[in-house]
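**Q** So that you have it, the file is entry.txt, and it contains compact mmCIF, C-alpha atoms and all ligand atoms:
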```txt
# COMPACT_ATOMS: atom_id res chain seq x y z
CA MET E 1 0.00 0.00 0.00
CA SER E 2 1.68 3.24 -1.10
CA SER E 3 1.10 6.52 0.70
CA LEU E 4 1.09 10.11 -0.52
CA LEU E 5 1.55 13.16 1.69
CA VAL E 6 0.01 16.40 0.45
CA ASP E 7 1.82 19.15 2.31
CA ASN E 8 2.76 22.83 2.17
CA ILE E 9 -0.99 23.54 2.10
CA GLY E 10 -1.75 27.23 2.72
CA GLU E 11 -5.44 26.69 3.52
CA LEU E 12 -7.08 23.29 3.89
CA VAL E 13 -10.88 23.27 3.62
CA THR E 14 -11.95 20.03 5.30
CA ASN E 15 -15.73 20.58 5.76
CA ASP E 16 -15.09 18.82 9.06
CA ALA E 17 -17.09 21.52 10.81
CA ARG E 18 -16.11 23.15 14.08
CA PRO E 19 -18.22 25.66 16.02
CA GLY E 20 -18.37 28.86 13.96
CA ASP E 21 -16.37 27.28 11.14
CA PRO E 22 -18.57 25.16 8.83
CA LEU E 23 -15.73 24.79 6.32
CA GLY E 24 -13.39 23.36 8.97
CA VAL E 25 -10.48 25.46 7.65
CA ARG E 26 -6.98 24.49 8.78
CA ARG E 27 -3.76 26.36 8.13
CA ASP E 28 -0.26 24.88 7.76
CA ALA E 29 -1.90 21.50 7.46
CA ALA E 30 -0.93 18.31 5.71
CA LEU E 31 -3.00 15.37 4.55
CA LEU E 32 -1.98 11.73 4.10
CA VAL E 33 -3.58 9.55 1.43
CA GLU E 34 -3.47 5.76 1.66
CA ASP E 35 -5.36 3.27 -0.40
CA GLY E 36 -7.56 5.93 -2.02
CA GLU E 37 -8.68 7.31 1.32
CA VAL E 38 -7.70 10.13 3.62
CA ALA E 39 -5.62 8.40 6.29
CA TRP E 40 -4.59 11.42 8.36
CA VAL E 41 -5.15 15.21 8.53
CA GLY E 42 -3.22 17.44 10.89
CA PRO E 43 -0.58 20.12 11.41
CA ALA E 44 2.25 19.80 8.89
CA ARG E 45 4.85 19.59 11.65
CA TYR E 46 3.33 16.29 12.83
CA ALA E 47 2.96 14.80 9.36
CA PRO E 48 3.74 11.09 9.17
CA ALA E 49 6.32 9.70 6.76
CA ALA E 50 5.02 8.77 3.33
CA ASP E 51 6.28 7.09 0.15
CA ARG E 52 5.60 10.15 -1.99
CA ARG E 53 4.98 13.85 -1.49
CA LEU E 54 2.76 16.32 -3.34
CA ASP E 55 3.78 19.93 -2.65
CA ALA E 56 0.73 22.23 -2.66
CA GLN E 57 3.10 25.25 -2.82
CA GLY E 58 1.15 27.21 -0.23
CA ALA E 59 -2.13 27.02 -2.17
CA ALA E 60 -5.63 26.15 -1.01
CA VAL E 61 -6.76 22.52 -0.96
CA LEU E 62 -10.47 21.65 -0.96
CA PRO E 63 -12.63 18.53 -1.18
CA GLY E 64 -13.55 17.75 -4.79
CA PHE E 65 -16.83 19.25 -5.92
CA VAL E 66 -19.92 17.04 -5.64
CA ASP E 67 -22.15 17.88 -8.61
CA SER E 68 -25.43 16.29 -7.55
CA HIS E 69 -27.48 17.16 -10.66
CA ALA E 70 -26.38 16.57 -14.25
CA HIS E 71 -27.92 15.27 -17.47
CA LEU E 72 -24.90 14.00 -19.40
CA VAL E 73 -26.41 11.25 -21.58
CA PHE E 74 -27.66 12.95 -24.72
CA ALA E 75 -26.82 13.69 -28.34
CA GLY E 76 -26.80 16.93 -30.29
CA ASP E 77 -26.83 20.46 -28.95
CA ARG E 78 -29.34 23.29 -28.85
CA ALA E 79 -27.12 26.29 -29.44
CA ALA E 80 -29.71 27.80 -31.79
CA GLU E 81 -32.34 27.57 -29.04
CA PHE E 82 -29.93 29.36 -26.69
CA ALA E 83 -29.36 32.11 -29.26
CA ALA E 84 -33.14 32.51 -29.69
CA ARG E 85 -33.51 32.88 -25.91
CA MET E 86 -30.84 35.51 -25.80
CA ALA E 87 -32.88 37.32 -28.47
CA GLY E 88 -35.95 37.23 -26.22
CA GLU E 89 -37.59 33.80 -26.54
CA PRO E 90 -38.64 32.27 -23.20
CA TYR E 91 -37.42 28.87 -21.95
CA THR E 92 -40.29 26.37 -21.72
CA GLY E 93 -38.58 22.99 -21.66
CA GLY E 94 -40.12 22.30 -25.08
CA GLY E 95 -36.67 21.70 -26.55
CA ILE E 96 -36.27 18.52 -24.47
CA ARG E 97 -38.07 16.63 -27.25
CA THR E 98 -35.44 17.82 -29.77
CA THR E 99 -32.74 16.20 -27.65
CA VAL E 100 -34.86 13.06 -27.24
CA GLY E 101 -34.93 12.66 -31.03
CA ALA E 102 -31.17 13.08 -31.34
CA THR E 103 -30.48 10.75 -28.40
CA ARG E 104 -32.66 7.95 -29.76
CA ALA E 105 -30.82 8.20 -33.10
CA ALA E 106 -27.35 8.02 -31.52
CA SER E 107 -25.29 4.85 -31.06
CA ASP E 108 -24.15 3.66 -27.63
CA ASP E 109 -20.61 4.70 -28.53
CA GLN E 110 -21.71 8.21 -29.46
CA LEU E 111 -23.57 8.61 -26.16
CA ARG E 112 -20.64 7.16 -24.22
CA ALA E 113 -18.22 9.55 -25.93
CA THR E 114 -20.35 12.54 -24.89
CA VAL E 115 -20.53 11.37 -21.28
CA ARG E 116 -16.76 10.77 -21.28
CA ARG E 117 -16.10 14.25 -22.69
CA LEU E 118 -18.34 16.03 -20.18
CA HIS E 119 -17.18 13.88 -17.27
CA GLY E 120 -13.55 14.73 -18.11
CA GLU E 121 -14.42 18.40 -18.53
CA ALA E 122 -16.06 18.41 -15.08
CA MET E 123 -13.14 16.57 -13.47
CA ARG E 124 -10.66 19.12 -14.83
CA GLN E 125 -12.74 21.78 -13.07
CA GLY E 126 -12.57 20.01 -9.73
CA THR E 127 -15.64 17.74 -9.80
CA THR E 128 -14.87 14.31 -8.37
CA THR E 129 -18.44 13.08 -7.83
CA ILE E 130 -21.16 13.64 -10.41
CA GLU E 131 -24.72 12.39 -10.47
CA ILE E 132 -25.90 11.43 -13.97
CA LYS E 133 -29.55 11.26 -15.05
CA SER E 134 -31.25 9.53 -17.93
CA GLY E 135 -34.25 11.33 -19.40
CA TYR E 136 -33.50 11.88 -23.08
CA GLY E 137 -34.38 8.35 -24.21
CA LEU E 138 -37.97 7.99 -22.98
CA THR E 139 -38.42 4.45 -24.34
CA VAL E 140 -37.76 1.35 -22.27
CA ALA E 141 -34.64 0.49 -24.27
CA ASP E 142 -33.29 4.05 -24.51
CA GLU E 143 -33.73 4.79 -20.79
CA ALA E 144 -32.10 1.47 -19.86
CA ARG E 145 -29.10 2.06 -22.13
CA SER E 146 -28.75 5.67 -20.94
CA LEU E 147 -28.47 4.41 -17.37
CA ARG E 148 -26.12 1.57 -18.30
CA ILE E 149 -23.78 4.09 -19.90
CA ALA E 150 -24.17 6.54 -16.99
CA ALA E 151 -23.23 3.76 -14.55
CA GLU E 152 -19.88 3.38 -16.31
CA PHE E 153 -19.02 6.84 -15.00
CA SER E 154 -20.95 7.32 -11.75
CA GLU E 155 -22.34 5.46 -8.75
CA ASP E 156 -25.10 8.06 -8.56
CA THR E 157 -27.30 7.33 -11.53
CA THR E 158 -30.86 8.63 -11.71
CA PHE E 159 -33.82 7.32 -13.69
CA LEU E 160 -35.62 10.33 -15.21
CA GLY E 161 -38.02 8.56 -17.56
CA ALA E 162 -40.54 11.19 -16.40
CA HIS E 163 -38.66 14.12 -17.93
CA VAL E 164 -41.41 15.02 -20.41
CA VAL E 165 -44.17 13.03 -22.10
CA PRO E 166 -42.63 12.05 -25.45
CA ALA E 167 -44.39 13.14 -28.65
CA GLU E 168 -45.81 9.68 -29.41
CA TYR E 169 -47.71 9.76 -26.10
CA ALA E 170 -48.73 13.43 -26.29
CA ASP E 171 -52.46 12.70 -26.32
CA ARG E 172 -52.34 9.85 -23.76
CA PRO E 173 -50.10 10.92 -20.87
CA ASP E 174 -51.69 8.39 -18.49
CA ASP E 175 -50.44 5.59 -20.73
CA TYR E 176 -46.94 7.05 -20.64
CA VAL E 177 -47.01 7.22 -16.83
CA GLY E 178 -48.08 3.55 -16.86
CA LEU E 179 -45.09 2.72 -19.06
CA VAL E 180 -42.72 4.65 -16.77
CA CYS E 181 -44.05 2.95 -13.62
CA GLY E 182 -44.11 -0.50 -15.23
CA PRO E 183 -41.68 -1.85 -17.84
CA MET E 184 -39.45 1.24 -18.00
CA LEU E 185 -38.85 1.29 -14.25
CA ALA E 186 -38.21 -2.46 -14.26
CA ALA E 187 -35.57 -2.06 -16.98
CA ALA E 188 -34.03 1.04 -15.41
CA ALA E 189 -33.93 0.12 -11.72
CA PRO E 190 -31.00 -2.33 -11.91
CA HIS E 191 -28.81 0.51 -13.24
CA ALA E 192 -30.09 3.36 -11.07
CA ARG E 193 -29.72 4.54 -7.48
CA TRP E 194 -32.30 7.33 -7.73
CA ILE E 195 -35.59 8.25 -9.37
CA ASP E 196 -36.47 11.80 -10.44
CA VAL E 197 -39.51 13.48 -12.03
CA PHE E 198 -39.82 16.87 -13.73
CA CYS E 199 -42.85 18.07 -11.74
CA GLU E 200 -43.90 21.19 -13.57
CA ARG E 201 -46.76 22.58 -15.64
CA GLY E 202 -46.20 21.11 -19.13
CA ALA E 203 -44.33 18.09 -17.76
CA PHE E 204 -45.83 15.93 -14.95
CA ASP E 205 -48.56 16.98 -12.53
CA VAL E 206 -48.61 16.16 -8.83
CA ASP E 207 -50.63 12.95 -9.16
CA HIS E 208 -48.42 11.56 -11.88
CA THR E 209 -45.31 12.63 -10.00
CA ARG E 210 -46.49 10.94 -6.81
CA ALA E 211 -47.31 7.69 -8.62
CA ILE E 212 -43.93 7.57 -10.38
CA LEU E 213 -41.89 8.43 -7.29
CA ALA E 214 -43.80 5.90 -5.17
CA GLY E 215 -43.14 3.26 -7.83
CA GLY E 216 -39.44 4.11 -7.74
CA GLN E 217 -39.35 3.89 -3.95
CA ALA E 218 -41.04 0.49 -4.07
CA ALA E 219 -38.29 -0.61 -6.48
CA GLY E 220 -35.66 0.50 -3.97
CA LEU E 221 -34.69 3.83 -5.51
CA GLY E 222 -34.13 7.05 -3.57
CA VAL E 223 -36.21 10.09 -4.47
CA ARG E 224 -35.23 13.43 -6.00
CA VAL E 225 -37.49 15.91 -7.79
CA HIS E 226 -37.15 18.67 -10.39
CA ALA E 227 -39.49 21.15 -8.71
CA ASN E 228 -40.63 24.76 -8.85
CA GLN E 229 -38.30 25.70 -11.71
CA LEU E 230 -40.58 27.55 -14.10
CA GLY E 231 -43.30 28.58 -11.66
CA PRO E 232 -44.76 27.86 -8.24
CA GLY E 233 -46.18 24.38 -7.75
CA PRO E 234 -46.56 21.36 -5.49
CA GLY E 235 -43.23 19.65 -6.34
CA VAL E 236 -41.18 20.86 -3.40
CA ARG E 237 -43.80 19.94 -0.80
CA LEU E 238 -44.40 16.56 -2.42
CA GLY E 239 -40.66 15.88 -2.37
CA VAL E 240 -40.46 16.73 1.32
CA GLU E 241 -43.51 14.58 2.06
CA LEU E 242 -41.92 11.58 0.30
CA GLY E 243 -38.58 12.06 2.08
CA ALA E 244 -36.70 13.11 -1.07
CA ALA E 245 -32.95 13.47 -0.62
CA SER E 246 -33.17 16.64 -2.68
CA VAL E 247 -35.59 18.92 -4.47
CA ASP E 248 -33.87 20.70 -7.31
CA HIS E 249 -34.22 24.17 -8.88
CA CYS E 250 -36.43 25.72 -6.12
CA THR E 251 -36.66 28.96 -8.08
CA HIS E 252 -40.30 29.80 -7.28
CA LEU E 253 -41.02 29.07 -3.61
CA THR E 254 -43.84 30.07 -1.30
CA GLY E 255 -43.42 30.54 2.44
CA ALA E 256 -45.01 27.12 2.94
CA ASP E 257 -42.39 25.53 0.64
CA VAL E 258 -39.56 27.13 2.62
CA ASP E 259 -41.10 26.06 5.94
CA ALA E 260 -41.54 22.49 4.69
CA LEU E 261 -37.89 22.35 3.61
CA ALA E 262 -36.66 23.89 6.84
CA GLY E 263 -38.42 21.23 8.90
CA SER E 264 -37.05 18.35 6.81
CA ALA E 265 -33.91 16.44 5.85
CA THR E 266 -34.50 17.30 2.19
CA VAL E 267 -31.79 19.42 0.57
CA ALA E 268 -32.68 22.35 -1.70
CA THR E 269 -30.36 22.03 -4.69
CA LEU E 270 -29.96 25.30 -6.57
CA LEU E 271 -28.83 25.31 -10.20
CA PRO E 272 -27.78 28.83 -11.13
CA GLY E 273 -26.44 27.71 -14.51
CA ALA E 274 -30.07 27.21 -15.55
CA GLU E 275 -31.11 30.75 -14.61
CA PHE E 276 -27.97 32.10 -16.28
CA SER E 277 -28.66 30.21 -19.53
CA THR E 278 -32.38 30.88 -19.59
CA ARG E 279 -32.03 34.50 -18.45
CA SER E 280 -34.43 33.91 -15.57
CA PRO E 281 -34.50 35.28 -12.04
CA TYR E 282 -32.20 33.35 -9.71
CA PRO E 283 -33.54 31.40 -6.71
CA ASP E 284 -33.39 33.18 -3.36
CA ALA E 285 -30.63 31.26 -1.63
CA ARG E 286 -30.45 33.78 1.23
CA ARG E 287 -34.07 33.16 2.17
CA LEU E 288 -33.48 29.40 2.27
CA LEU E 289 -30.26 29.64 4.27
CA ASP E 290 -31.74 32.11 6.75
CA ALA E 291 -34.65 29.69 7.29
CA GLY E 292 -32.19 26.89 8.11
CA VAL E 293 -32.59 24.90 4.88
CA THR E 294 -29.60 22.83 3.70
CA VAL E 295 -28.57 24.19 0.30
CA ALA E 296 -26.54 22.44 -2.39
CA LEU E 297 -25.22 23.86 -5.65
CA ALA E 298 -25.01 21.82 -8.84
CA THR E 299 -24.54 22.47 -12.56
CA ASP E 300 -27.68 20.88 -14.11
CA CYS E 301 -25.34 20.24 -17.06
CA ASN E 302 -27.63 19.56 -20.04
CA PRO E 303 -27.85 20.70 -23.67
CA GLY E 304 -30.94 22.88 -23.16
CA SER E 305 -31.16 24.94 -20.01
CA SER E 306 -27.58 24.85 -18.66
CA TYR E 307 -24.78 23.61 -20.89
CA THR E 308 -22.01 24.04 -18.35
CA SER E 309 -20.04 21.47 -16.36
CA SER E 310 -18.38 24.17 -14.26
CA MET E 311 -18.94 24.12 -10.51
CA PRO E 312 -16.67 27.19 -10.11
CA LEU E 313 -19.07 29.11 -12.38
CA CYS E 314 -21.99 28.02 -10.19
CA ILE E 315 -20.15 29.19 -7.09
CA ALA E 316 -19.42 32.58 -8.65
CA LEU E 317 -23.07 32.99 -9.71
CA ALA E 318 -24.35 31.91 -6.30
CA VAL E 319 -22.19 34.49 -4.56
CA ARG E 320 -22.77 37.36 -6.97
CA GLU E 321 -26.40 36.75 -7.88
CA MET E 322 -27.90 34.71 -5.04
CA ARG E 323 -26.43 36.43 -1.99
CA MET E 324 -24.51 33.43 -0.73
CA THR E 325 -21.21 34.08 1.00
CA PRO E 326 -18.17 32.46 -0.65
CA ALA E 327 -17.94 30.05 2.29
CA GLU E 328 -21.62 29.07 1.96
CA ALA E 329 -21.23 28.54 -1.77
CA VAL E 330 -18.10 26.40 -1.43
CA TRP E 331 -19.80 24.30 1.27
CA ALA E 332 -22.92 23.92 -0.90
CA ALA E 333 -20.81 22.76 -3.87
CA THR E 334 -18.98 20.13 -1.82
CA ALA E 335 -20.59 18.99 1.46
CA GLY E 336 -24.02 20.22 0.32
CA GLY E 337 -23.85 18.09 -2.82
CA ALA E 338 -22.82 15.10 -0.71
CA ARG E 339 -25.88 15.64 1.53
CA ALA E 340 -28.07 15.85 -1.57
CA LEU E 341 -26.73 12.42 -2.57
CA ARG E 342 -26.92 11.12 1.03
CA ARG E 343 -23.22 10.35 1.01
CA ASP E 344 -20.79 10.84 3.86
CA ASP E 345 -17.67 9.57 2.08
CA VAL E 346 -17.27 12.56 -0.25
CA GLY E 347 -17.44 16.35 0.14
CA VAL E 348 -15.30 16.16 3.27
CA LEU E 349 -11.61 15.63 4.00
CA ARG E 350 -11.34 13.64 7.20
CA ARG E 351 -9.87 10.27 8.08
CA GLY E 352 -11.77 7.55 6.22
CA ALA E 353 -13.22 9.82 3.51
CA ARG E 354 -12.39 9.31 -0.12
CA ALA E 355 -9.21 11.06 -1.14
CA ASP E 356 -11.07 13.29 -3.61
CA LEU E 357 -9.57 16.75 -3.53
CA MET E 358 -8.33 19.68 -5.56
CA ILE E 359 -5.36 21.99 -5.27
CA LEU E 360 -6.16 25.52 -6.41
CA ASP E 361 -3.92 27.98 -8.19
CA ALA E 362 -4.93 30.38 -5.42
CA PRO E 363 -4.29 30.91 -1.72
CA SER E 364 -7.88 30.50 -0.51
CA HIS E 365 -11.36 29.24 -1.38
CA LEU E 366 -12.48 32.88 -1.70
CA HIS E 367 -10.78 33.05 -5.08
CA LEU E 368 -13.33 30.66 -6.61
CA ALA E 369 -15.87 33.50 -6.51
CA TYR E 370 -13.40 36.39 -6.49
CA ARG E 371 -11.78 35.32 -9.80
CA PRO E 372 -14.73 34.22 -11.94
CA GLY E 373 -13.98 32.54 -15.24
CA VAL E 374 -10.34 31.86 -14.38
CA PRO E 375 -9.07 28.25 -14.50
CA LEU E 376 -8.02 27.98 -10.85
CA ILE E 377 -7.97 24.19 -10.47
CA ARG E 378 -4.29 23.19 -10.63
CA GLN E 379 -4.50 19.53 -9.63
CA VAL E 380 -7.28 17.04 -8.88
CA LEU E 381 -6.96 13.79 -6.94
CA HIS E 382 -9.74 11.22 -7.36
CA ASN E 383 -9.57 8.19 -5.06
CA GLY E 384 -6.09 9.47 -4.22
CA VAL E 385 -4.94 9.29 -7.83
CA PRO E 386 -3.72 12.50 -9.50
CA GLN E 387 -5.76 13.13 -12.63
CA CYS E 388 -4.19 14.27 -15.88
CA PRO E 389 -4.58 18.01 -16.44
O1 LIG N 401 -33.16 20.57 -15.24
N1 LIG N 401 -36.08 21.02 -16.19
C1 LIG N 401 -35.97 19.94 -16.75
N2 LIG N 401 -34.85 19.41 -17.21
C2 LIG N 401 -33.66 20.13 -17.46
C3 LIG N 401 -33.68 20.82 -18.76
C4 LIG N 401 -33.60 19.90 -19.87
C5 LIG N 401 -33.55 20.52 -21.23
O2 LIG N 401 -33.98 21.67 -21.49
O3 LIG N 401 -33.07 19.76 -22.10
C6 LIG N 401 -33.35 21.06 -16.32
O4 LIG N 401 -33.26 22.29 -16.48
FE FE N 402 -32.13 19.14 -14.42
```
Using structure tokens, write down the structure that the file contains.
Ligand code: NIG
Ligand code: FE
**A**
Amino acid sequence: MSSLLVDNIGELVTNDARPGDPLGVRRDAALLVEDGEVAWVGPARYAPAADRRLDAQGAAVLPGFVDSHAHLVFAGDRAAEFAARMAGEPYTGGGIRTTVGATRAASDDQLRATVRRLHGEAMRQGTTTIEIKSGYGLTVADEARSLRIAAEFSEDTTFLGAHVVPAEYADRPDDYVGLVCGPMLAAAAPHARWIDVFCERGAFDVDHTRAILAGGQAAGLGVRVHANQLGPGPGVRLGVELGAASVDHCTHLTGADVDALAGSATVATLLPGAEFSTRSPYPDARRLLDAGVTVALATDCNPGSSYTSSMPLCIALAVREMRMTPAEAVWAATAGGARALRRDDVGVLRRGARADLMILDAPSHLHLAYRPGVPLIRQVLHNGVPQCP
């Protein structure tokens, strides 16, 4: 078993919280990696001997980002739709069917190549855990293969057969919900950890959403919900009622939605890349945080509403546009994402956690928001293994 000592760390963000210090920041610290895990964290002067050394050169070291919401299995792009939005068209989600057509027409190898490209892109920007959804196949075979391919890249795969009602079922949505709850779920469940529904006007109503999520739970899947993105609605409260790990978007919330979240273990996952790319008002992160809600940040990487894999961009947007402090945003992009995936082995750097971390080209975590758009991720370790730049 070979060991690696990361030392000369200027600022170590552990997320091993101490009173008044949710980021668990340590100075002049070192960290020992053994067997893909963090074996020791402490003051550099007490660092144990190791086989190899990685000199952080006085920079900041953070847990790898946990991107808890991404749609990476698709074909084609919708750049023209983006351009039309920037010229004044609204975002309605109607373009999802365009991507469904392209995805169905693509080969497994084409889909796999896209996931590999986006996964690598995310990793180079510090993401070491990424949830991957299906949702652009919307047939039994295309949802199953989307999840099989997703599972080659992530342990956190999510069945989103209820993304929209596909065109061939447009006039019989009940039949489509029957397909999702029956044969599609049966084919998807062996490859999925989670189930998700786009609960929104124009997608799935509350009764359909409840039936699909309950079916997923009965098949052993954990619950997450796309909720309250385009307007107010019942999705957030339904998610809380069903014990969802996370309700995602949360852009249009009532006081009752915020209260329900605050009294629950459900995380509110905010996706500022979607508001950026659809030119929509951002969710009110401050209101959620002040009410005591656990907030995560994720990219929502997808070809329609948010074609970015960049967690640093999401942090910068959350700080500038959503009134989060840099510390809150960094926590939400690491430990918050881990909570949203109900994982305690990532998003934190303490003994026994996965050795998933990044070394910045900067002295502190503040620079992630302070220097927007700058490639600040110098080195990434995943399972203790340095990744190629
Ligand atoms: O999370 N809201 C639903 N699904 C995606 C958008 C998908 C698309 O436009 O292709 C989202 O924003
Ligand atoms: Fe999404």
**Q** Each residue of segment 161-249 of chain E with at least one atom at most 12 Å from segment 77-94 of chain E should appear once, together with its nearest atom pair and the corresponding distance in Å (one decimal); atoms considered: only C-alpha atoms; ordering: chain, then increasing residue number; output as a Markdown table.
**A**
```
| residue | atom | partner | partner_atom | distance |
| --- | --- | --- | --- | --- |
| E:His163 | CA | E:Gly93 | CA | 9.6 |
| E:Val164 | CA | E:Gly93 | CA | 8.5 |
| E:Val165 | CA | E:Gly94 | CA | 10.5 |
| E:Pro166 | CA | E:Gly94 | CA | 10.6 |
| E:Ala167 | CA | E:Gly94 | CA | 10.7 |
| E:Phe198 | CA | E:Gly93 | CA | 10.1 |
| E:Cys199 | CA | E:Gly93 | CA | 11.9 |
| E:Glu200 | CA | E:Gly93 | CA | 9.8 |
| E:Arg201 | CA | E:Thr92 | CA | 9.7 |
| E:Gly202 | CA | E:Gly93 | CA | 8.2 |
| E:Ala203 | CA | E:Gly93 | CA | 8.5 |
| E:Gln229 | CA | E:Thr92 | CA | 10.2 |
| E:Leu230 | CA | E:Thr92 | CA | 7.7 |
| E:Gly231 | CA | E:Thr92 | CA | 10.7 |
```
**Q** Which residues form the shell of 9 Å around ligand FE 402 (chain N) when you count all atoms listed in the file, given as a ChimeraX atom specification?
**A** /E:69-71,133,163,198,226,248-249,271,274,299-302,305-306
**Q** Provide the atom CA of Arg224 of chain E to atom CA of Asp196 of chain E distance in Å, to one decimal place.
**A** 4.9 Å
**Q** Which residue out of E:Val267, E:Ala186, E:Leu5, E:Ala122 has the minimum interatomic distance to Val225 of chain E when only C-alpha atoms are used?
**A**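 Closest to Val225 of chain E, using only C-alpha atoms: E:Val267.
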**Q** Separation of atom CA of Leu242 of chain E and atom CA of Gly337 of chain E, in Å?
**A**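 Computing the Euclidean distance for atom CA of Leu242 of chain E and atom CA of Gly337 of chain E yields 19.5 Å.
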**Q** Can you put N, CA and C atoms back into segment 20-33 of chain E and show it as a compact mmCIF listing (two decimals), in the frame of the given file?
**A**
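Written output follows (result-v3.txt):
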```txt
# COMPACT_ATOMS: atom_id res chain seq x y z
N GLY E 20 -18.67 27.59 14.62
CA GLY E 20 -18.37 28.86 13.96
C GLY E 20 -17.54 28.70 12.70
N ASP E 21 -17.24 27.49 12.30
CA ASP E 21 -16.37 27.28 11.14
C ASP E 21 -16.88 26.08 10.33
N PRO E 22 -17.99 26.29 9.56
CA PRO E 22 -18.57 25.16 8.83
C PRO E 22 -17.62 24.55 7.81
N LEU E 23 -16.66 25.34 7.30
CA LEU E 23 -15.73 24.79 6.32
C LEU E 23 -14.59 24.01 6.98
N GLY E 24 -14.46 24.10 8.30
CA GLY E 24 -13.39 23.36 8.97
C GLY E 24 -12.02 23.70 8.39
N VAL E 25 -11.72 25.02 8.30
CA VAL E 25 -10.48 25.46 7.65
C VAL E 25 -9.28 25.24 8.57
N ARG E 26 -8.23 24.66 8.03
CA ARG E 26 -6.98 24.49 8.78
C ARG E 26 -5.84 25.14 8.00
N ARG E 27 -4.94 25.73 8.76
CA ARG E 27 -3.76 26.36 8.13
C ARG E 27 -2.53 25.52 8.45
N ASP E 28 -1.52 25.64 7.58
CA ASP E 28 -0.26 24.88 7.76
C ASP E 28 -0.56 23.41 8.03
N ALA E 29 -1.47 22.89 7.26
CA ALA E 29 -1.90 21.50 7.46
C ALA E 29 -1.26 20.60 6.42
N ALA E 30 -1.32 19.32 6.69
CA ALA E 30 -0.93 18.31 5.71
C ALA E 30 -1.98 17.21 5.74
N LEU E 31 -1.95 16.39 4.69
CA LEU E 31 -3.00 15.37 4.55
C LEU E 31 -2.34 14.12 3.95
N LEU E 32 -2.58 12.98 4.58
CA LEU E 32 -1.98 11.73 4.10
C LEU E 32 -3.05 10.89 3.40
N VAL E 33 -2.69 10.41 2.21
CA VAL E 33 -3.58 9.55 1.43
C VAL E 33 -3.02 8.13 1.43
```
